[in-house]
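Q: Please find one structure pasted underneath; my questions will follow.
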Amino acid sequence: MAKNALAQETVFALRETIARLEGKSLPALAAAQASQAGHPAGGDEARIRTGVDFLDEALDGGLPCGGITELRSDGLRHAGALSGFAMALGCLFQRAENRPLLWISDRMTASDAGLPYPIGLKRFGLSIHRFLHAAPNRLEDALWLAEAALSSGIFAATFFEVRGNPAHFGLTESRRLSLRAKAAGRPLLILRHGGEEEASSALFRFHVEPSLASPRRLPDGSMLGGSIGSSVFHLTLEKSRNAAPLSLHLEWNHHDRRLIALDPTERAFSFERPTALSGASLPKALDRQDPAPPLGAVLAFDRAS
């Protein structure tokens with residue numbers, strides 16, 4: 001199994017190199033090969049559209065309903081952004097199908113990043129009555145549960161958290177989960193906290209980072225200065241049929257339950273700068289005076305003898 005998966009990754013890399021040498025994009029190359037083979041590009045499996053046209057195009061029509069999509073972050077400091085984007089996708093799956101979601105937590109990650117909070121999930125747009133949570137003690141138990149969930153076919157999507165790149169979750173396990181997902185026609189989203197890129201059977205892989213939120217929009221269309229609006233995610237589509245990675249900023253509107261693409265030129269501030277930032281280099285939203293009023297007169301009392 002591991003050799004087959006590694007061979008597929010090698011073939012993908014070779015196709016990508018050939019496409020670049022011929023001056024073609026990888027989606028166009030895949031479409032030409034599919035046309036010669038007599039079937040549509042990207043397969044005929046069901047897809048869930050994100051609502052962002054250029055992202056859906058890069059995903060061959062949307063998120064696959066019968067395969068693995070991987071989401072990864074650089075560390076636990078970005079666990080909120082990674083989990084938030086995953087739950088936004090969960091809302092899309094819930095809207096498409098009246099089925100529950102299963103969230104399989106990683107014990108080590110939960111000890112640092114916390115567990116799903118029902119009230120927060122509801123405000124984010126999820127139906128908590130159709131949200132199931134599991135926290136196995138061992139990775140082997142979590143893998144078994146993920147396979148069983150996919151085989152049952154009763155979940156709109158299954159989310160599987162894992163920390164880093166554990167030795168017992170490699171190509172063999174990824175391939176087995178992929179076969180289960182394809183056979184059942186159900187999606188599996190792997191959340192890799194603090195993990196590096198590695199060969200897997202995932203159809204797509206996103207790198208997720210937090211981004212600056214826009215101010216809240218008032219009913220008249222103006223922005224409320226100094227406020228914090230909806231969650232914004234900085235995404236890089238690292239693995240897809242595209243020859244080059246796709247980078248974008250998406251805002252999650254929990255009222256309408258939809259993703260909105262934002263102008264990347266307005267998202268220049270980086271959270272990863274190691275040095276202290278001067279007030280002149282900070283965005284206006286962060287370079288504002290403290291709105292708290294002064295404390296006023298301070299009274300001093302004699303010390304009791």
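Labels used: A, B, ... for chains in the order of the structure tokens, numbers from 1 for residues in each chain, and numbers from 1 for ligands as shown.
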Need to verify the contact set: stretch 245-254 of chain A, 7 Å, only C-alpha atoms, exclusion of same-chain residues closer than 5 positions in sequence. Can you return it as a list in words?

A: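 Near stretch 245-254 of chain A, the qualifying residues are Ala88, Phe124, Gly125, Ser230, Ser231, Val232, Phe233, His234, Leu235, Thr236, Leu237, Glu238, Leu259, Ile260, Ala261, Leu262 and Pro264 of chain A.
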
Q: Go ahead and save the picked residues with N, CA and C atoms, as a CSV table (one decimal), in the first residue's frame.

A:
chain,number,residue,atom,x,y,z
A,88,ALA,N,-16.0,26.0,9.3
A,88,ALA,CA,-16.7,26.7,8.3
A,88,ALA,C,-17.0,25.7,7.1
A,124,PHE,N,-21.2,30.1,15.4
A,124,PHE,CA,-20.4,30.1,14.2
A,124,PHE,C,-21.2,29.6,13.0
A,125,GLY,N,-22.3,29.0,13.3
A,125,GLY,CA,-23.2,28.6,12.2
A,125,GLY,C,-23.5,27.1,12.1
A,230,SER,N,-15.9,39.4,11.2
A,230,SER,CA,-15.9,38.0,11.1
A,230,SER,C,-14.5,37.4,10.9
A,231,SER,N,-14.4,36.1,11.2
A,231,SER,CA,-13.1,35.4,11.1
A,231,SER,C,-12.6,35.5,9.7
A,232,VAL,N,-11.3,35.7,9.5
A,232,VAL,CA,-10.6,35.6,8.2
A,232,VAL,C,-9.5,34.6,8.3
A,233,PHE,N,-9.3,33.8,7.2
A,233,PHE,CA,-8.3,32.8,7.1
A,233,PHE,C,-7.4,33.1,5.9
A,234,HIS,N,-6.1,32.9,6.2
A,234,HIS,CA,-5.2,33.0,5.0
A,234,HIS,C,-4.9,31.6,4.6
A,235,LEU,N,-5.2,31.2,3.4
A,235,LEU,CA,-5.1,29.8,2.9
A,235,LEU,C,-4.1,29.8,1.8
A,236,THR,N,-3.4,28.7,1.7
A,236,THR,CA,-2.5,28.3,0.6
A,236,THR,C,-2.9,26.9,0.2
A,237,LEU,N,-3.4,26.8,-1.0
A,237,LEU,CA,-3.7,25.5,-1.6
A,237,LEU,C,-2.4,24.8,-2.1
A,238,GLU,N,-1.8,24.0,-1.2
A,238,GLU,CA,-0.5,23.4,-1.5
A,238,GLU,C,-0.6,22.2,-2.5
A,259,LEU,N,-18.5,31.7,2.5
A,259,LEU,CA,-17.1,32.2,2.5
A,259,LEU,C,-17.1,33.3,1.5
A,260,ILE,N,-16.3,34.4,1.8
A,260,ILE,CA,-16.2,35.5,1.0
A,260,ILE,C,-14.7,35.8,0.7
A,261,ALA,N,-14.3,35.9,-0.5
A,261,ALA,CA,-12.9,36.2,-0.9
A,261,ALA,C,-12.6,37.7,-0.7
A,262,LEU,N,-11.5,38.0,0.0
A,262,LEU,CA,-11.1,39.3,0.3
A,262,LEU,C,-9.9,39.7,-0.6
A,264,PRO,N,-6.3,40.5,-1.3
A,264,PRO,CA,-5.1,40.2,-0.6
A,264,PRO,C,-4.2,41.4,-0.3

Q: Write out as JSON, numbers by chain the residues lying within 10 Å of stretch 205-220 of chain A, counting only C-alpha atoms and excluding same-chain residues fewer than 5 positions away.

A: {"A": [68, 69, 70, 71, 72, 73, 74, 75, 77, 78, 79, 80, 81, 82, 83, 84, 85, 86, 189, 190, 191, 192, 193, 195, 196, 197, 200, 225, 226, 227, 228, 229, 230, 231, 232, 233, 234, 235, 236, 237, 238, 239, 240, 245, 246, 247, 249, 250, 251, 262, 266, 267, 268, 269, 270, 271, 283, 285]}

Q: In Å to one decimal, how far is atom CA of A:Met87 from atom CA of A:Arg123?

A: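 Atom CA of A:Met87 lies 11.5 Å from atom CA of A:Arg123.
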
Q: For atom CA of A:Ala199 and atom CA of A:Ser174, quote the distance in Å rounded to one decimal.

A: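 If I compute the distance from atom CA of A:Ala199 to atom CA of A:Ser174, I get 9.2 Å.
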
Q: Per DSSP on the backbone, filter stretch 40-232 of chain A down to the residues in strand (DSSP E or B) and report them as a PyMOL selection string.

A: chain A and resi 47-48+63-64+68-72+101-104+131-134+157-163+188-193+204-210+217+223+232
